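What follows is the content of model_29.pdb, which has PDB, C-alpha atoms and all ligand atoms:
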ATOM      1  CA  MET A   1     -10.937 129.311-213.868  1.00  0.00           C
ATOM      2  CA  GLU A   2      -9.025 130.097-217.040  1.00  0.00           C
ATOM      3  CA  ILE A   3      -8.900 127.409-219.706  1.00  0.00           C
ATOM      4  CA  PHE A   4      -5.968 126.917-222.073  1.00  0.00           C
ATOM      5  CA  GLU A   5      -5.791 124.438-224.914  1.00  0.00           C
ATOM      6  CA  THR A   6      -2.090 123.725-224.463  1.00  0.00           C
ATOM      7  CA  ILE A   7       0.808 124.577-222.165  1.00  0.00           C
ATOM      8  CA  ARG A   8       2.200 126.622-225.045  1.00  0.00           C
ATOM      9  CA  ASP A   9      -0.906 128.807-225.023  1.00  0.00           C
ATOM     10  CA  PHE A  10      -0.406 129.432-221.324  1.00  0.00           C
ATOM     11  CA  ASN A  11       3.271 130.321-221.823  1.00  0.00           C
ATOM     12  CA  ASN A  12       2.384 132.706-224.641  1.00  0.00           C
ATOM     13  CA  GLU A  13      -0.160 134.464-222.452  1.00  0.00           C
ATOM     14  CA  PHE A  14       2.221 134.836-219.495  1.00  0.00           C
ATOM     15  CA  SER A  15       5.599 135.072-221.185  1.00  0.00           C
ATOM     16  CA  SER A  16       7.401 136.967-218.400  1.00  0.00           C
ATOM     17  CA  LYS A  17       7.292 133.915-216.106  1.00  0.00           C
ATOM     18  CA  LEU A  18       7.101 136.200-213.076  1.00  0.00           C
ATOM     19  CA  TYR A  19       4.402 136.029-210.430  1.00  0.00           C
ATOM     20  CA  ILE A  20       3.202 138.194-207.556  1.00  0.00           C
ATOM     21  CA  CYS A  21       3.188 136.735-204.052  1.00  0.00           C
ATOM     22  CA  PRO A  22      -0.033 137.843-202.259  1.00  0.00           C
ATOM     23  CA  SER A  23       1.727 137.684-198.908  1.00  0.00           C
ATOM     24  CA  CYS A  24       4.792 139.897-199.407  1.00  0.00           C
ATOM     25  CA  ARG A  25       3.704 141.494-202.734  1.00  0.00           C
ATOM     26  CA  LYS A  26       7.098 140.772-204.287  1.00  0.00           C
ATOM     27  CA  MET A  27       7.785 139.090-207.599  1.00  0.00           C
ATOM     28  CA  THR A  28       8.805 135.465-207.656  1.00  0.00           C
ATOM     29  CA  PRO A  29       9.873 133.307-210.601  1.00  0.00           C
ATOM     30  CA  ASN A  30       8.402 130.299-208.826  1.00  0.00           C
ATOM     31  CA  PRO A  31       4.616 130.227-209.381  1.00  0.00           C
ATOM     32  CA  TYR A  32       3.992 127.714-206.610  1.00  0.00           C
ATOM     33  CA  LYS A  33       6.196 128.907-203.739  1.00  0.00           C
ATOM     34  CA  CYS A  34       7.468 132.437-203.065  1.00  0.00           C
ATOM     35  CA  ILE A  35      11.265 132.690-203.088  1.00  0.00           C
ATOM     36  CA  ASN A  36      11.075 135.693-200.741  1.00  0.00           C
ATOM     37  CA  CYS A  37       8.803 134.554-197.903  1.00  0.00           C
ATOM     38  CA  GLY A  38       8.154 130.885-198.605  1.00  0.00           C
ATOM     39  CA  MET A  39       4.385 131.278-199.017  1.00  0.00           C
ATOM     40  CA  GLN A  40       2.804 128.548-201.093  1.00  0.00           C
ATOM     41  CA  ALA A  41       0.190 129.276-203.748  1.00  0.00           C
ATOM     42  CA  THR A  42      -1.997 126.430-202.564  1.00  0.00           C
ATOM     43  CA  ASN A  43      -2.388 128.034-199.135  1.00  0.00           C
ATOM     44  CA  LEU A  44      -6.166 128.356-198.794  1.00  0.00           C
ATOM     45  CA  LEU A  45      -5.783 131.694-197.062  1.00  0.00           C
ATOM     46  CA  PHE A  46      -4.891 133.200-200.410  1.00  0.00           C
ATOM     47  CA  ALA A  47      -7.316 131.247-202.573  1.00  0.00           C
ATOM     48  CA  ASN A  48      -8.928 134.423-203.927  1.00  0.00           C
ATOM     49  CA  GLU A  49      -5.567 136.054-204.613  1.00  0.00           C
ATOM     50  CA  THR A  50      -4.133 133.221-206.631  1.00  0.00           C
ATOM     51  CA  TYR A  51      -4.714 132.198-210.214  1.00  0.00           C
ATOM     52  CA  THR A  52      -6.239 128.878-211.173  1.00  0.00           C
ATOM     53  CA  TYR A  53      -6.086 127.513-214.683  1.00  0.00           C
ATOM     54  CA  LYS A  54      -6.654 124.315-216.594  1.00  0.00           C
ATOM     55  CA  ILE A  55      -4.663 122.869-219.489  1.00  0.00           C
ATOM     56  CA  LEU A  56      -6.948 120.812-221.731  1.00  0.00           C
ATOM     57  CA  GLU A  57      -4.017 119.106-223.475  1.00  0.00           C
ATOM     58  CA  THR A  58      -2.848 117.451-220.268  1.00  0.00           C
ATOM     59  CA  ASN A  59      -6.123 117.748-218.323  1.00  0.00           C
ATOM     60  CA  THR A  60      -4.352 119.350-215.376  1.00  0.00           C
ATOM     61  CA  VAL A  61      -5.503 122.090-213.025  1.00  0.00           C
ATOM     62  CA  GLN A  62      -2.935 124.342-211.347  1.00  0.00           C
ATOM     63  CA  GLN A  63      -3.227 126.949-208.616  1.00  0.00           C
ATOM     64  CA  ILE A  64      -0.416 129.486-208.806  1.00  0.00           C
ATOM     65  CA  PHE A  65       0.425 133.049-207.830  1.00  0.00           C
ATOM     66  CA  LYS A  66      -0.999 135.706-210.125  1.00  0.00           C
ATOM     67  CA  PRO A  67       1.159 136.290-213.223  1.00  0.00           C
ATOM     68  CA  ILE A  68       2.420 139.876-213.354  1.00  0.00           C
ATOM     69  CA  GLU A  69       0.667 140.321-216.692  1.00  0.00           C
ATOM     70  CA  LEU A  70      -2.632 140.196-214.802  1.00  0.00           C
ATOM     71  CA  GLU A  71      -1.466 142.747-212.235  1.00  0.00           C
ATOM     72  CA  LYS A  72      -0.444 145.114-215.024  1.00  0.00           C
ATOM     73  CA  GLY A  73      -3.856 144.670-216.634  1.00  0.00           C
ATOM     74  CA  GLU A  74      -5.568 145.642-213.403  1.00  0.00           C
ATOM     75  CA  LEU A  75      -3.377 148.729-213.025  1.00  0.00           C
ATOM     76  CA  ASN A  76      -4.143 149.841-216.561  1.00  0.00           C
ATOM     77  CA  GLY A  77      -7.836 149.409-215.943  1.00  0.00           C
TER      78      GLY A  77
HETATM   79 ZN    ZN B 101       6.205 136.220-200.620  1.00  0.00          ZN
END
Spell out the structure here as structure tokens.
Ligand SMILES: [Zn+2]
Amino acid sequence: MEIFETIRDFNNEFSSKLYICPSCRKMTPNPYKCINCGMQATNLLFANETYTYKILETNTVQQIFKPIELEKGELNG
């Protein structure tokens, strides 16, 4: 799980605000539910294809689709 001090830190890291749905592989601006196929990030079937992070400031844990910044990182090695 990734840890961020504040929500601002998270937004700086993933500034595009676009996420990849593991079901249809399309981009969605909604990190929790795909706008294309309706898949939800909390679906356990995709637990290993989603991204989980914690915000220390608010002490919240979120499970979302993978930000596209992470997909780009994987492509670039
Ligand atoms: Zn989808």
Adding 5 Å on each side of the box along x, y and z that holds all listed atoms of range 51-57 of chain A, could you give its centre and edge lengths in Å to one decimal, as JSON?
{"center_x": -5.5, "center_y": 125.7, "center_z": -216.8, "size_x": 12.9, "size_y": 23.1, "size_z": 23.3}
Considering all atoms listed in the file, return as number ranges by chain whatever protein or nucleic-acid residues lie within 8 Å of range 2-8 of chain A, sequence-local ones (same chain, fewer than 4 positions apart) excluded. A: 12, 52-58
Would you put the residues from that selection into a file with C-alpha atoms, as a short mmCIF file (atom, residue, chain, number, x, y, z; two decimals), in the coordinates of the input?
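The file below, out_16.cif, is the result:
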data_model
loop_
_atom_site.label_atom_id
_atom_site.label_comp_id
_atom_site.auth_asym_id
_atom_site.auth_seq_id
_atom_site.Cartn_x
_atom_site.Cartn_y
_atom_site.Cartn_z
CA ASN A 12 2.38 132.71 -224.64
CA THR A 52 -6.24 128.88 -211.17
CA TYR A 53 -6.09 127.51 -214.68
CA LYS A 54 -6.65 124.32 -216.59
CA ILE A 55 -4.66 122.87 -219.49
CA LEU A 56 -6.95 120.81 -221.73
CA GLU A 57 -4.02 119.11 -223.48
CA THR A 58 -2.85 117.45 -220.27
#
Give me the result of the PyMOL selection byres (((chain A and resi 15-30) around 10) and not hetatm) on this file, residue by residue, as a PyMOL selection string. chain A and resi 8-14+31-41+45-51+64-71
Would you write out those residues with C-alpha atoms, as an mmCIF file, keeping the file's coordinate frame?
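Writing done, so here's result01.cif:
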data_model
loop_
_atom_site.group_PDB
_atom_site.id
_atom_site.type_symbol
_atom_site.label_atom_id
_atom_site.label_comp_id
_atom_site.auth_asym_id
_atom_site.auth_seq_id
_atom_site.Cartn_x
_atom_site.Cartn_y
_atom_site.Cartn_z
ATOM 1 C CA ARG A 8 2.200 126.622 -225.045
ATOM 2 C CA ASP A 9 -0.906 128.807 -225.023
ATOM 3 C CA PHE A 10 -0.406 129.432 -221.324
ATOM 4 C CA ASN A 11 3.271 130.321 -221.823
ATOM 5 C CA ASN A 12 2.384 132.706 -224.641
ATOM 6 C CA GLU A 13 -0.160 134.464 -222.452
ATOM 7 C CA PHE A 14 2.221 134.836 -219.495
ATOM 8 C CA PRO A 31 4.616 130.227 -209.381
ATOM 9 C CA TYR A 32 3.992 127.714 -206.610
ATOM 10 C CA LYS A 33 6.196 128.907 -203.739
ATOM 11 C CA CYS A 34 7.468 132.437 -203.065
ATOM 12 C CA ILE A 35 11.265 132.690 -203.088
ATOM 13 C CA ASN A 36 11.075 135.693 -200.741
ATOM 14 C CA CYS A 37 8.803 134.554 -197.903
ATOM 15 C CA GLY A 38 8.154 130.885 -198.605
ATOM 16 C CA MET A 39 4.385 131.278 -199.017
ATOM 17 C CA GLN A 40 2.804 128.548 -201.093
ATOM 18 C CA ALA A 41 0.190 129.276 -203.748
ATOM 19 C CA LEU A 45 -5.783 131.694 -197.062
ATOM 20 C CA PHE A 46 -4.891 133.200 -200.410
ATOM 21 C CA ALA A 47 -7.316 131.247 -202.573
ATOM 22 C CA ASN A 48 -8.928 134.423 -203.927
ATOM 23 C CA GLU A 49 -5.567 136.054 -204.613
ATOM 24 C CA THR A 50 -4.133 133.221 -206.631
ATOM 25 C CA TYR A 51 -4.714 132.198 -210.214
ATOM 26 C CA ILE A 64 -0.416 129.486 -208.806
ATOM 27 C CA PHE A 65 0.425 133.049 -207.830
ATOM 28 C CA LYS A 66 -0.999 135.706 -210.125
ATOM 29 C CA PRO A 67 1.159 136.290 -213.223
ATOM 30 C CA ILE A 68 2.420 139.876 -213.354
ATOM 31 C CA GLU A 69 0.667 140.321 -216.692
ATOM 32 C CA LEU A 70 -2.632 140.196 -214.802
ATOM 33 C CA GLU A 71 -1.466 142.747 -212.235
#
